[in-house]
Every structure is written in C-alpha cells, then in structure tokens.
>>> print(open('input-v5.cif').read())   # mmCIF, C-alpha atoms
data_input
loop_
_atom_site.label_atom_id
_atom_site.label_comp_id
_atom_site.auth_asym_id
_atom_site.auth_seq_id
_atom_site.Cartn_x
_atom_site.Cartn_y
_atom_site.Cartn_z
CA MET A 1 110.50 62.62 111.44
CA ALA A 2 113.71 63.78 109.76
CA GLU A 3 115.16 67.22 110.36
CA ARG A 4 116.79 68.54 107.23
CA THR A 5 117.10 72.15 106.17
CA ILE A 6 118.62 74.05 103.26
CA ASP A 7 121.21 76.71 104.08
CA LEU A 8 120.10 79.57 101.84
CA ASN A 9 123.45 81.29 102.29
CA ARG A 10 125.05 78.42 100.35
CA CYS A 11 122.20 77.52 97.98
CA LEU A 12 122.71 78.40 94.31
CA PHE A 13 119.52 80.48 94.25
CA GLN A 14 121.54 83.46 95.46
CA TYR A 15 123.74 83.41 92.34
CA THR A 16 122.77 85.39 89.25
CA LYS A 17 121.91 83.70 85.95
CA VAL A 18 121.75 80.27 87.61
CA SER A 19 118.79 78.22 88.74
CA CYS A 20 119.01 74.88 90.52
CA ASP A 21 116.30 72.47 91.60
CA ARG A 22 118.35 69.26 91.81
CA CYS A 23 117.30 68.51 95.38
CA GLU A 24 113.62 69.05 94.63
CA LYS A 25 113.67 66.93 91.46
CA SER A 26 115.62 64.08 93.03
CA CYS A 27 113.65 63.77 96.30
CA PRO A 28 111.75 60.44 96.21
CA GLN A 29 109.34 61.65 98.90
CA GLN A 30 108.54 64.97 97.19
CA ALA A 31 109.49 66.59 100.48
CA ILE A 32 111.28 69.61 99.00
CA ARG A 33 109.53 72.62 97.55
CA ASN A 34 110.73 76.19 97.18
CA ARG A 35 113.96 75.40 99.06
CA THR A 36 112.02 74.14 102.09
CA ILE A 37 112.10 70.54 103.35
CA ASP A 38 108.90 69.13 104.82
CA PRO A 39 110.00 67.05 107.87
CA ALA A 40 106.77 65.04 107.79
CA ARG A 41 107.58 63.76 104.29
CA CYS A 42 111.36 63.48 104.51
CA ASN A 43 112.68 60.01 105.35
CA ASP A 44 116.34 61.09 105.70
CA CYS A 45 117.50 59.05 102.69
CA GLY A 46 120.13 61.68 101.88
CA ILE A 47 119.75 61.79 98.10
CA CYS A 48 119.38 65.58 98.35
CA THR A 49 122.81 65.69 100.00
CA ALA A 50 124.24 63.61 97.17
CA VAL A 51 122.94 65.87 94.39
CA CYS A 52 123.39 69.32 95.95
CA PRO A 53 126.30 70.98 94.10
CA VAL A 54 127.22 73.32 96.94
CA GLY A 55 126.68 71.31 100.14
CA ALA A 56 123.69 73.39 101.22
CA ILE A 57 121.78 70.55 102.89
CA GLN A 58 121.95 70.43 106.68
CA SER A 59 120.92 67.26 108.49
CA GLY A 60 121.26 65.36 111.74
CA VAL A 61 123.69 62.92 110.10
CA ASP A 62 127.42 63.37 110.62
CA TYR A 63 128.45 62.05 107.20
CA ASP A 64 132.04 63.19 107.65
CA THR A 65 132.55 60.94 110.69
CA ARG A 66 130.70 58.01 109.12
CA LEU A 67 132.82 58.09 105.96
CA THR A 68 136.00 58.31 108.01
CA GLN A 69 134.88 55.22 109.94
CA VAL A 70 134.44 53.36 106.64
CA GLN A 71 138.04 54.10 105.75
CA ARG A 72 139.22 52.60 109.05
CA LEU A 73 137.52 49.26 108.41
CA GLU A 74 139.62 46.40 107.10
CA PRO A 75 138.54 45.84 104.44
CA PRO A 76 136.54 49.06 103.90
CA VAL A 77 132.81 48.31 103.62
CA LEU A 78 130.12 50.93 103.09
CA MET A 79 126.91 49.84 104.82
CA CYS A 80 123.83 51.24 106.52
CA GLN A 81 122.64 51.06 110.12
CA LYS A 82 120.40 48.11 109.30
CA VAL A 83 123.64 46.15 109.09
CA SER A 84 125.75 47.84 111.75
CA ALA A 85 125.17 50.54 114.33
CA GLN A 86 128.33 52.18 113.02
CA GLY A 87 126.99 52.30 109.46
CA MET A 88 125.46 55.19 107.53
CA THR A 89 121.92 56.24 108.38
CA CYS A 90 121.14 55.57 104.73
CA LEU A 91 123.39 55.07 101.69
CA GLY A 92 121.39 57.53 99.58
CA ALA A 93 123.86 60.33 100.34
CA MET A 94 126.57 58.61 98.31
CA ASN A 95 127.35 59.82 94.81
CA ARG A 96 129.85 58.61 92.21
CA ARG A 97 132.49 61.15 93.19
CA LEU A 98 132.38 60.21 96.89
CA LEU A 99 132.56 56.55 95.90
CA TRP A 100 135.58 57.33 93.73
CA ALA A 101 137.31 59.12 96.61
CA LEU A 102 136.81 55.99 98.73
CA ALA A 103 137.55 53.36 96.08
CA SER A 104 140.33 54.85 93.96
CA LYS A 105 142.97 54.40 96.67
CA HIS A 106 141.75 51.25 98.43
CA SER A 107 139.43 48.43 97.45
CA LEU A 108 135.87 49.19 98.52
CA ALA A 109 132.83 47.01 99.10
CA VAL A 110 129.23 48.21 99.40
CA ASP A 111 126.39 46.37 101.11
CA SER A 112 123.21 47.67 99.47
CA SER A 113 121.38 44.34 99.82
CA ARG A 114 118.70 45.79 102.13
CA CYS A 115 118.01 48.89 100.03
CA ALA A 116 115.53 47.34 97.60
CA GLN A 117 113.19 46.38 100.44
CA CYS A 118 113.85 49.43 102.62
CA ASN A 119 113.87 52.18 99.98
CA PRO A 120 113.68 51.26 96.27
CA ALA A 121 114.54 54.84 95.24
CA VAL A 122 117.83 54.61 97.12
CA GLN A 123 118.51 51.23 95.51
CA ALA A 124 118.00 52.71 92.04
CA TRP A 125 120.18 55.71 92.88
CA LEU A 126 123.00 53.55 94.25
CA GLU A 127 122.93 51.21 91.25
CA GLN A 128 123.34 54.21 88.96
CA GLU A 129 126.16 55.81 90.94
CA ILE A 130 128.08 52.56 91.60
CA ALA A 131 127.85 51.64 87.90
CA ALA A 132 129.22 55.04 86.87
CA CYS A 133 132.04 54.81 89.41
CA ASN A 134 132.90 51.25 88.39
CA GLU A 135 133.08 52.23 84.74
CA ALA A 136 135.56 54.97 85.62
CA LEU A 137 137.56 52.66 87.89
CA GLU A 138 137.81 49.95 85.24
CA SER A 139 138.87 52.45 82.55
CA ALA A 140 141.60 53.60 84.94
CA GLY A 141 142.74 50.01 85.47
CA GLN A 142 141.57 49.90 89.07
CA GLN A 143 139.52 47.39 91.02
CA PRO A 144 135.77 48.03 90.81
CA ILE A 145 133.51 48.34 93.84
CA ALA A 146 132.35 44.94 95.10
CA LEU A 147 128.77 44.32 96.16
CA VAL A 148 128.58 42.24 99.34
CA HIS A 149 126.07 41.06 101.92
CA VAL A 150 127.26 41.58 105.49
CA ARG A 151 125.53 39.59 108.22
CA GLU A 152 123.63 41.75 110.70
CA GLN A 153 125.17 42.20 114.11
CA ARG A 154 123.67 39.83 116.68
CA GLU A 155 121.75 41.08 119.68
CA PRO A 156 123.82 41.14 122.88
CA ALA A 157 123.43 38.15 125.19
CA PRO A 158 121.05 38.55 128.19
CA ALA A 159 122.70 39.97 131.29
CA ARG A 160 123.66 37.52 134.03
CA PRO A 161 121.94 37.71 137.46
CA VAL A 162 123.78 39.98 139.86
CA ALA A 163 124.09 40.02 143.66
CA ARG A 164 121.96 42.41 145.74
CA ARG A 165 124.77 44.95 146.18
CA GLY A 166 125.61 44.73 142.51
CA PHE A 167 121.94 45.13 141.64
CA PHE A 168 121.65 48.51 143.39
CA ARG A 169 124.95 49.66 141.95
CA SER A 170 123.69 48.69 138.51
CA LEU A 171 120.37 50.42 139.14
CA VAL A 172 122.07 53.72 140.02
CA HIS A 173 124.31 53.46 136.99
CA SER A 174 121.35 52.73 134.70
CA ALA A 175 119.43 55.72 136.07
CA ALA A 176 122.38 58.02 135.44
CA ALA A 177 122.82 56.62 131.95
CA GLY A 178 119.11 57.09 131.28
CA VAL A 179 119.26 60.75 132.31
CA GLU A 180 122.27 61.28 130.04
CA GLU A 181 120.55 59.53 127.14
CA PHE A 182 117.45 61.68 127.63
CA ARG A 183 119.56 64.84 127.73
CA GLU A 184 121.32 63.92 124.52
CA SER A 185 118.03 63.13 122.82
CA GLN A 186 116.89 66.69 123.47
CA LEU A 187 119.85 68.12 121.61
CA HIS A 188 119.03 68.41 117.92
CA CYS A 189 122.41 68.65 116.26
CA GLN A 190 122.57 69.55 112.58
CA TYR A 191 125.64 68.97 110.47
CA MET A 192 126.71 70.73 107.32
CA PHE A 193 128.26 68.23 104.93
CA ASP A 194 129.74 69.33 101.63
CA PRO A 195 130.79 66.21 99.69
CA VAL A 196 133.30 68.29 97.72
CA ILE A 197 135.19 69.32 100.84
CA TRP A 198 135.38 65.73 102.09
CA GLN A 199 136.49 64.23 98.79
CA ALA A 200 139.04 67.00 98.19
CA ARG A 201 140.54 66.22 101.59
CA GLN A 202 141.20 62.68 100.36
CA ALA A 203 143.21 64.14 97.44
CA PRO A 204 142.17 61.49 94.90
CA GLU A 205 143.50 61.48 91.36
CA PRO A 206 140.54 62.67 89.27
CA GLY A 207 138.78 60.22 86.99
CA THR A 208 135.99 60.50 84.48
CA VAL A 209 133.35 60.71 87.23
CA PHE A 210 134.46 64.33 87.63
CA PRO A 211 133.53 67.04 85.14
CA GLY A 212 135.95 69.01 83.00
CA ILE A 213 136.03 72.43 81.39
CA MET A 214 137.07 73.93 78.08
CA VAL A 215 138.26 77.53 77.72
CA ASP A 216 137.99 79.35 74.39
CA PRO A 217 140.58 81.90 73.19
CA ALA A 218 138.02 84.67 73.78
CA CYS A 219 138.81 84.51 77.52
CA ASN A 220 140.37 87.81 78.63
CA ALA A 221 141.39 86.60 82.13
CA CYS A 222 138.95 88.89 83.93
CA GLY A 223 138.82 86.43 86.83
CA LEU A 224 135.06 86.55 87.39
CA CYS A 225 134.76 82.76 87.11
CA ARG A 226 137.35 82.29 89.85
CA THR A 227 135.60 84.79 92.10
CA MET A 228 132.15 83.27 91.68
CA CYS A 229 132.98 79.56 91.84
CA PRO A 230 131.20 78.25 95.00
CA GLU A 231 133.67 75.38 95.50
CA GLN A 232 136.89 77.22 94.58
CA ALA A 233 137.58 74.90 91.67
CA LEU A 234 139.23 77.68 89.66
CA VAL A 235 142.45 79.52 90.46
CA MET A 236 144.01 82.24 88.31
CA GLU A 237 147.74 82.92 88.37
CA GLN A 238 149.52 85.82 86.67
CA PRO A 239 153.28 85.13 86.55
CA GLU A 240 155.29 88.18 85.62
CA GLY A 241 156.10 88.38 81.93
CA GLN A 242 153.97 85.34 81.10
CA GLN A 243 150.45 84.68 80.00
CA THR A 244 147.86 84.30 82.76
CA ARG A 245 147.10 80.70 83.76
CA LEU A 246 143.66 79.45 84.73
CA ARG A 247 144.02 76.31 86.86
CA PHE A 248 141.11 73.93 87.22
CA ASP A 249 140.57 71.39 90.01
CA PRO A 250 138.12 68.74 88.75
CA VAL A 251 137.77 67.19 92.23
CA ARG A 252 136.18 70.41 93.47
CA CYS A 253 133.94 71.00 90.43
CA THR A 254 130.27 69.96 90.63
CA SER A 255 129.07 71.25 87.24
CA CYS A 256 126.92 73.84 88.99
CA GLY A 257 127.31 76.13 85.96
CA VAL A 258 127.92 79.40 87.82
CA CYS A 259 131.16 80.07 85.93
CA VAL A 260 129.66 79.33 82.52
CA ALA A 261 126.49 81.36 83.10
CA ASN A 262 128.36 84.45 84.30
CA CYS A 263 131.35 84.51 81.92
CA PRO A 264 131.23 87.93 80.16
CA GLN A 265 133.02 86.50 77.11
CA GLU A 266 131.03 83.26 77.01
CA SER A 267 134.35 81.45 76.75
CA LEU A 268 133.83 78.68 79.31
CA ARG A 269 132.22 75.32 78.63
CA LEU A 270 131.58 72.40 80.97
CA ILE A 271 132.13 68.88 79.73
CA PRO A 272 130.64 65.81 81.45
CA ALA A 273 133.89 63.87 81.93
CA PHE A 274 137.32 65.16 82.96
CA ASN A 275 139.70 64.96 80.00
CA GLY A 276 142.99 65.62 81.78
CA ARG A 277 143.14 69.39 81.18
CA ARG A 278 143.87 71.24 84.43
CA GLU A 279 145.56 74.39 83.12
CA PHE A 280 144.71 76.92 80.43
CA ALA A 281 146.64 79.91 79.11
CA VAL A 282 144.20 82.82 79.01
CA GLY A 283 144.22 86.55 78.25
CA PRO A 284 147.05 88.62 76.83
CA VAL A 285 150.72 88.05 77.60
CA GLN A 286 151.83 90.30 80.47
CA SER A 287 154.70 92.63 79.59
#
>>> encode(input="input-v5.cif", output="structure tokens")
Amino acid sequence: MAERTIDLNRCLFQYTKVSCDRCEKSCPQQAIRNRTIDPARCNDCGICTAVCPVGAIQSGVDYDTRLTQVQRLEPPVLMCQKVSAQGMTCLGAMNRRLLWALASKHSLAVDSSRCAQCNPAVQAWLEQEIAACNEALESAGQQPIALVHVREQREPAPARPVARRGFFRSLVHSAAAGVEEFRESQLHCQYMFDPVIWQARQAPEPGTVFPGIMVDPACNACGLCRTMCPEQALVMEQPEGQQTRLRFDPVRCTSCGVCVANCPQESLRLIPAFNGRREFAVGPVQS
C-alpha cells in the first residue's frame, strides 16, 4: 500500500483562474480524485510526481537522493529497484525535463526493459518522455539516451558456518539489527520532491523540452506574473532610466498557466517549445 498525499498548500487549486487535474487524469490506477490519493489503489508508480507542475505530490520515495546516485554511476544508468537495490522505486516519476537535466551534460542510459511486464502504463509513459527528450537532444547535436538491459544483481552467497562463540556473537548482532530494522519500518517518512527545483540545481542549458513564453507590447510591467509564478520562473528588473526587463527562466517553467490566466493585460502567451527568448522589454521607459 503506497502512501502518497497532495500538499494543498502547493497545489494549483489555490490559485485563481486556474484549474489543474493533471495528476488525476494521468494516474493509471485511477487512485486520485478531488486532490486525494487512495492508498489502496496507488501502486507508487510516480507518474503523478512527473506531471505535477508545482511539486505538490508527497511520497515515501526520496527522488532527490536517487537521482543524485544516478549521476554518480559510471556510466550513468537510470534503473528501477527490480534491477538494483539502489535504483528508483519506479521510473514513472521521470519526465522529459528531468531526463534532459541528466542527459544534456553526460551520456545517459535507461533500463526500462522490465516496465512492460511490471507496469505497461509506466512503459508507455517512459517511451513518450524518452522520445521527446531524444528528439531535443538530437536537434541540439547531443547524444541521445540509450536503452539498455542491466543484469539483475545476484543474491548474496550463503553464509559460512561459524564457531560457537561466533554464533552467539552473530545472534546478538542479528537481534539488534532486527530491532533497528523494525524501528525504522515504523517511521513513515514522506518526501516533497519538486522536479523543477532538482533540475534547476543542475543548471542545464534549456532545450526544446522546456516551454517558452511570448510577451505582447500591451504588457505594462505590473509584475503580477512574477508575483504569482509558483516556480519563480519570472523575474522583473527595472534599471534606472531604462525600460523594465522581464526575464524568463525556461528551466523553471512548467506551463502551469498561472501567469497567462491572471495577466490583467492578457499580454502573456505560453509556447510549447523554448525558442531562445529569455528577456523581454516591457512597460514604459523609466525617466
């Protein structure tokens, strides 16, 4: 039974003029309804984490640590716990932007060979996201993600017989370890993972897997978009004697639509692929 919850303080439902049901629509188990996750239905695939635009999904998976471990592998291979105990619980939490953050700086391989049998919905999701990332990588002249099959880790060899004294020492140690394992099992840790924060920390050069924006001349530099952006993808600067500059960080943008929906001048537009524009001159020239 998976333990996932939605942090309503982060969820987009609290924003005006915006509605979001990405997690509910994408859940293969139909475990999400009215911003509540049914633990009896949830299988912890993580697709809700992948699609949530504001990192509102809490789970018992420490994705941050797992992704960092992938980066330390040589070569980096993204795999699940069916392959390695150090792997991801499930690869469903990956999206094209996280894959880009991993693959745009170093070659990346993904072992999704068990997904079709384990969870076909995750297999379909991964195929879609890897294909989108590979298209962006190839257009940028970079090496695409490789699909590999990693051999499962073998079971440890049976323990050798021990002497009587060693047996009792081992018995005491095992009892202590068992108590510690039981204690840890009673602690239900939940982690907040915002993919945007993790990928921004990697500081990747943005590709076409990230969205872009367009700003019309009607913008009067009121700054409401900057204030409301959940992921701080917009920054407004007002240099003395110059026109105000609206700076856009595509790596932090998730196309949530909060800025567009709440723009008083209706001067913002989201575009599906980043086009290289990070800065816009807006509003009147300051005297």
>>> atom_distance(input="input-v5.cif", atom1="CA of Glu231 (chain A)", atom2="CA of Arg252 (chain A)")
5.9 Å
>>> resolve_selection(input="input-v5.cif", expression="the PyMOL selection byres ((chain A and resi 101) around 9)", output="PyMOL selection string")
chain A and resi 96-100+102-105+198-200+202-206
>>> resolve_selection(input="input-v5.cif", expression="the PyMOL selection byres ((chain A and resi 258) around 8)", output="PyMOL selection string")
chain A and resi 15+17-18+225+228-230+256-257+259-262
>>> write_last_selection(input="input-v5.cif", atoms="C-alpha atoms", output="compact mmCIF listing (two decimals), in the frame of the given file")
# COMPACT_ATOMS: atom_id res chain seq x y z
CA TYR A 15 123.74 83.41 92.34
CA LYS A 17 121.91 83.70 85.95
CA VAL A 18 121.75 80.27 87.61
CA CYS A 225 134.76 82.76 87.11
CA MET A 228 132.15 83.27 91.68
CA CYS A 229 132.98 79.56 91.84
CA PRO A 230 131.20 78.25 95.00
CA CYS A 256 126.92 73.84 88.99
CA GLY A 257 127.31 76.13 85.96
CA CYS A 259 131.16 80.07 85.93
CA VAL A 260 129.66 79.33 82.52
CA ALA A 261 126.49 81.36 83.10
CA ASN A 262 128.36 84.45 84.30
>>> atom_distance(input="input-v5.cif", atom1="CA of Cys48 (chain A)", atom2="CA of Asp194 (chain A)")
11.5 Å
>>> resolve_selection(input="input-v5.cif", expression="the PyMOL selection byres ((chain A and resi 132-141) around 7)", output="number ranges by chain")
A: 96, 99-100, 128-131, 142-145, 207-209
>>> closest_residue(input="input-v5.cif", among="A:Pro195, A:Thr254, A:Gln232, A:Arg277", to="Val215 (chain A)", atoms="only C-alpha atoms")
A:Arg277
>>> residues_near_point(input="input-v5.cif", point="(139.7, 54.0, 105.4)", cutoff="12 Å", atoms="all atoms listed in the file", output="list in words")
Thr65, Arg66, Leu67, Thr68, Gln69, Val70, Gln71, Arg72, Leu73, Glu74, Pro75, Pro76, Val77, Leu78, Ala101, Leu102, Ala103, Ser104, Lys105, His106, Ser107, Leu108, Ala109 and Gln202 of chain A
>>> write_last_selection(input="input-v5.cif", atoms="C-alpha atoms", output="tab-separated table (two decimals), in the coordinates of the input")
chain	number	residue	atom	x	y	z
A	65	THR	CA	132.55	60.94	110.69
A	66	ARG	CA	130.70	58.01	109.12
A	67	LEU	CA	132.82	58.09	105.96
A	68	THR	CA	136.00	58.31	108.01
A	69	GLN	CA	134.88	55.22	109.94
A	70	VAL	CA	134.44	53.36	106.64
A	71	GLN	CA	138.04	54.10	105.75
A	72	ARG	CA	139.22	52.60	109.05
A	73	LEU	CA	137.52	49.26	108.41
A	74	GLU	CA	139.62	46.40	107.10
A	75	PRO	CA	138.54	45.84	104.44
A	76	PRO	CA	136.54	49.06	103.90
A	77	VAL	CA	132.81	48.31	103.62
A	78	LEU	CA	130.12	50.93	103.09
A	101	ALA	CA	137.31	59.12	96.61
A	102	LEU	CA	136.81	55.99	98.73
A	103	ALA	CA	137.55	53.36	96.08
A	104	SER	CA	140.33	54.85	93.96
A	105	LYS	CA	142.97	54.40	96.67
A	106	HIS	CA	141.75	51.25	98.43
A	107	SER	CA	139.43	48.43	97.45
A	108	LEU	CA	135.87	49.19	98.52
A	109	ALA	CA	132.83	47.01	99.10
A	202	GLN	CA	141.20	62.68	100.36
>>> residues_around(input="input-v5.cif", residues="Ser113 (chain A)", least_positions_apart="6", cutoff="12 Å", atoms="only C-alpha atoms", output="PDB file with C-alpha atoms, in the coordinates of the input")
ATOM      1  CA  LEU A  78     130.120  50.930 103.090  1.00  0.00           C
ATOM      2  CA  MET A  79     126.910  49.840 104.820  1.00  0.00           C
ATOM      3  CA  CYS A  80     123.830  51.240 106.520  1.00  0.00           C
ATOM      4  CA  LYS A  82     120.400  48.110 109.300  1.00  0.00           C
ATOM      5  CA  VAL A  83     123.640  46.150 109.090  1.00  0.00           C
ATOM      6  CA  LEU A  91     123.390  55.070 101.690  1.00  0.00           C
ATOM      7  CA  ASN A 119     113.870  52.180  99.980  1.00  0.00           C
ATOM      8  CA  PRO A 120     113.680  51.260  96.270  1.00  0.00           C
ATOM      9  CA  VAL A 122     117.830  54.610  97.120  1.00  0.00           C
ATOM     10  CA  GLN A 123     118.510  51.230  95.510  1.00  0.00           C
ATOM     11  CA  ALA A 124     118.000  52.710  92.040  1.00  0.00           C
ATOM     12  CA  LEU A 126     123.000  53.550  94.250  1.00  0.00           C
ATOM     13  CA  GLU A 127     122.930  51.210  91.250  1.00  0.00           C
ATOM     14  CA  ALA A 146     132.350  44.940  95.100  1.00  0.00           C
ATOM     15  CA  LEU A 147     128.770  44.320  96.160  1.00  0.00           C
ATOM     16  CA  VAL A 148     128.580  42.240  99.340  1.00  0.00           C
ATOM     17  CA  HIS A 149     126.070  41.060 101.920  1.00  0.00           C
ATOM     18  CA  VAL A 150     127.260  41.580 105.490  1.00  0.00           C
ATOM     19  CA  ARG A 151     125.530  39.590 108.220  1.00  0.00           C
ATOM     20  CA  GLU A 152     123.630  41.750 110.700  1.00  0.00           C
TER      21      GLU A 152
END
>>> build_atoms(input="input-v5.cif", residues="region 36-68 of chain A", atoms="N, CA and C atoms", output="PDB file, keeping the file's coordinate frame")
ATOM      1  N   THR A  36     112.465  74.507 100.745  1.00  0.00           N
ATOM      2  CA  THR A  36     112.020  74.140 102.090  1.00  0.00           C
ATOM      3  C   THR A  36     111.783  72.638 102.137  1.00  0.00           C
ATOM      4  N   ILE A  37     112.250  71.984 103.196  1.00  0.00           N
ATOM      5  CA  ILE A  37     112.100  70.540 103.350  1.00  0.00           C
ATOM      6  C   ILE A  37     111.011  70.254 104.373  1.00  0.00           C
ATOM      7  N   ASP A  38     110.016  69.495 103.950  1.00  0.00           N
ATOM      8  CA  ASP A  38     108.900  69.130 104.820  1.00  0.00           C
ATOM      9  C   ASP A  38     109.342  67.945 105.694  1.00  0.00           C
ATOM     10  N   PRO A  39     109.511  68.130 107.010  1.00  0.00           N
ATOM     11  CA  PRO A  39     110.000  67.050 107.870  1.00  0.00           C
ATOM     12  C   PRO A  39     109.032  65.874 107.960  1.00  0.00           C
ATOM     13  N   ALA A  40     107.756  66.119 107.712  1.00  0.00           N
ATOM     14  CA  ALA A  40     106.770  65.040 107.790  1.00  0.00           C
ATOM     15  C   ALA A  40     106.901  64.085 106.596  1.00  0.00           C
ATOM     16  N   ARG A  41     107.407  64.583 105.479  1.00  0.00           N
ATOM     17  CA  ARG A  41     107.580  63.760 104.290  1.00  0.00           C
ATOM     18  C   ARG A  41     108.979  63.167 104.196  1.00  0.00           C
ATOM     19  N   CYS A  42     109.963  63.898 104.659  1.00  0.00           N
ATOM     20  CA  CYS A  42     111.360  63.480 104.510  1.00  0.00           C
ATOM     21  C   CYS A  42     111.639  62.205 105.299  1.00  0.00           C
ATOM     22  N   ASN A  43     112.315  61.249 104.657  1.00  0.00           N
ATOM     23  CA  ASN A  43     112.680  60.010 105.350  1.00  0.00           C
ATOM     24  C   ASN A  43     114.191  59.897 105.565  1.00  0.00           C
ATOM     25  N   ASP A  44     114.901  61.013 105.397  1.00  0.00           N
ATOM     26  CA  ASP A  44     116.340  61.090 105.700  1.00  0.00           C
ATOM     27  C   ASP A  44     117.186  60.183 104.794  1.00  0.00           C
ATOM     28  N   CYS A  45     116.732  59.934 103.574  1.00  0.00           N
ATOM     29  CA  CYS A  45     117.500  59.050 102.690  1.00  0.00           C
ATOM     30  C   CYS A  45     118.827  59.678 102.269  1.00  0.00           C
ATOM     31  N   GLY A  46     118.873  61.009 102.178  1.00  0.00           N
ATOM     32  CA  GLY A  46     120.130  61.680 101.880  1.00  0.00           C
ATOM     33  C   GLY A  46     120.412  61.919 100.418  1.00  0.00           C
ATOM     34  N   ILE A  47     119.503  61.571  99.526  1.00  0.00           N
ATOM     35  CA  ILE A  47     119.750  61.790  98.100  1.00  0.00           C
ATOM     36  C   ILE A  47     119.927  63.283  97.810  1.00  0.00           C
ATOM     37  N   CYS A  48     119.214  64.131  98.548  1.00  0.00           N
ATOM     38  CA  CYS A  48     119.380  65.580  98.350  1.00  0.00           C
ATOM     39  C   CYS A  48     120.811  66.010  98.661  1.00  0.00           C
ATOM     40  N   THR A  49     121.414  65.401  99.675  1.00  0.00           N
ATOM     41  CA  THR A  49     122.810  65.690 100.000  1.00  0.00           C
ATOM     42  C   THR A  49     123.727  65.262  98.862  1.00  0.00           C
ATOM     43  N   ALA A  50     123.404  64.130  98.244  1.00  0.00           N
ATOM     44  CA  ALA A  50     124.240  63.610  97.170  1.00  0.00           C
ATOM     45  C   ALA A  50     124.215  64.484  95.926  1.00  0.00           C
ATOM     46  N   VAL A  51     123.072  65.116  95.645  1.00  0.00           N
ATOM     47  CA  VAL A  51     122.940  65.870  94.390  1.00  0.00           C
ATOM     48  C   VAL A  51     123.211  67.357  94.542  1.00  0.00           C
ATOM     49  N   CYS A  52     123.181  67.881  95.760  1.00  0.00           N
ATOM     50  CA  CYS A  52     123.390  69.320  95.950  1.00  0.00           C
ATOM     51  C   CYS A  52     124.799  69.711  95.524  1.00  0.00           C
ATOM     52  N   PRO A  53     124.956  70.640  94.590  1.00  0.00           N
ATOM     53  CA  PRO A  53     126.300  70.980  94.100  1.00  0.00           C
ATOM     54  C   PRO A  53     127.108  71.872  95.021  1.00  0.00           C
ATOM     55  N   VAL A  54     126.498  72.387  96.071  1.00  0.00           N
ATOM     56  CA  VAL A  54     127.220  73.320  96.940  1.00  0.00           C
ATOM     57  C   VAL A  54     127.154  72.939  98.418  1.00  0.00           C
ATOM     58  N   GLY A  55     126.710  71.742  98.735  1.00  0.00           N
ATOM     59  CA  GLY A  55     126.680  71.310 100.140  1.00  0.00           C
ATOM     60  C   GLY A  55     125.772  72.153 100.999  1.00  0.00           C
ATOM     61  N   ALA A  56     124.587  72.497 100.477  1.00  0.00           N
ATOM     62  CA  ALA A  56     123.690  73.390 101.220  1.00  0.00           C
ATOM     63  C   ALA A  56     122.720  72.646 102.132  1.00  0.00           C
ATOM     64  N   ILE A  57     122.729  71.316 102.100  1.00  0.00           N
ATOM     65  CA  ILE A  57     121.780  70.550 102.890  1.00  0.00           C
ATOM     66  C   ILE A  57     122.336  70.292 104.291  1.00  0.00           C
ATOM     67  N   GLN A  58     121.602  70.719 105.286  1.00  0.00           N
ATOM     68  CA  GLN A  58     121.950  70.430 106.680  1.00  0.00           C
ATOM     69  C   GLN A  58     121.083  69.278 107.175  1.00  0.00           C
ATOM     70  N   SER A  59     121.678  68.394 107.966  1.00  0.00           N
ATOM     71  CA  SER A  59     120.920  67.260 108.490  1.00  0.00           C
ATOM     72  C   SER A  59     121.467  66.849 109.842  1.00  0.00           C
ATOM     73  N   GLY A  60     120.794  65.886 110.464  1.00  0.00           N
ATOM     74  CA  GLY A  60     121.260  65.360 111.740  1.00  0.00           C
ATOM     75  C   GLY A  60     122.267  64.242 111.594  1.00  0.00           C
ATOM     76  N   VAL A  61     122.738  63.998 110.367  1.00  0.00           N
ATOM     77  CA  VAL A  61     123.690  62.920 110.100  1.00  0.00           C
ATOM     78  C   VAL A  61     125.095  63.491 109.954  1.00  0.00           C
ATOM     79  N   ASP A  62     126.020  62.951 110.711  1.00  0.00           N
ATOM     80  CA  ASP A  62     127.420  63.370 110.620  1.00  0.00           C
ATOM     81  C   ASP A  62     128.110  62.497 109.568  1.00  0.00           C
ATOM     82  N   TYR A  63     127.906  62.846 108.298  1.00  0.00           N
ATOM     83  CA  TYR A  63     128.450  62.050 107.200  1.00  0.00           C
ATOM     84  C   TYR A  63     129.979  62.017 107.231  1.00  0.00           C
ATOM     85  N   ASP A  64     130.579  63.120 107.620  1.00  0.00           N
ATOM     86  CA  ASP A  64     132.040  63.190 107.650  1.00  0.00           C
ATOM     87  C   ASP A  64     132.614  62.095 108.545  1.00  0.00           C
ATOM     88  N   THR A  65     132.075  61.962 109.756  1.00  0.00           N
ATOM     89  CA  THR A  65     132.550  60.940 110.690  1.00  0.00           C
ATOM     90  C   THR A  65     132.268  59.539 110.174  1.00  0.00           C
ATOM     91  N   ARG A  66     131.074  59.332 109.608  1.00  0.00           N
ATOM     92  CA  ARG A  66     130.700  58.010 109.120  1.00  0.00           C
ATOM     93  C   ARG A  66     131.628  57.557 107.991  1.00  0.00           C
ATOM     94  N   LEU A  67     131.942  58.458 107.076  1.00  0.00           N
ATOM     95  CA  LEU A  67     132.820  58.090 105.960  1.00  0.00           C
ATOM     96  C   LEU A  67     134.239  57.804 106.454  1.00  0.00           C
ATOM     97  N   THR A  68     134.673  58.559 107.442  1.00  0.00           N
ATOM     98  CA  THR A  68     136.000  58.310 108.010  1.00  0.00           C
ATOM     99  C   THR A  68     136.040  56.945 108.679  1.00  0.00           C
TER     100      THR A  68
END
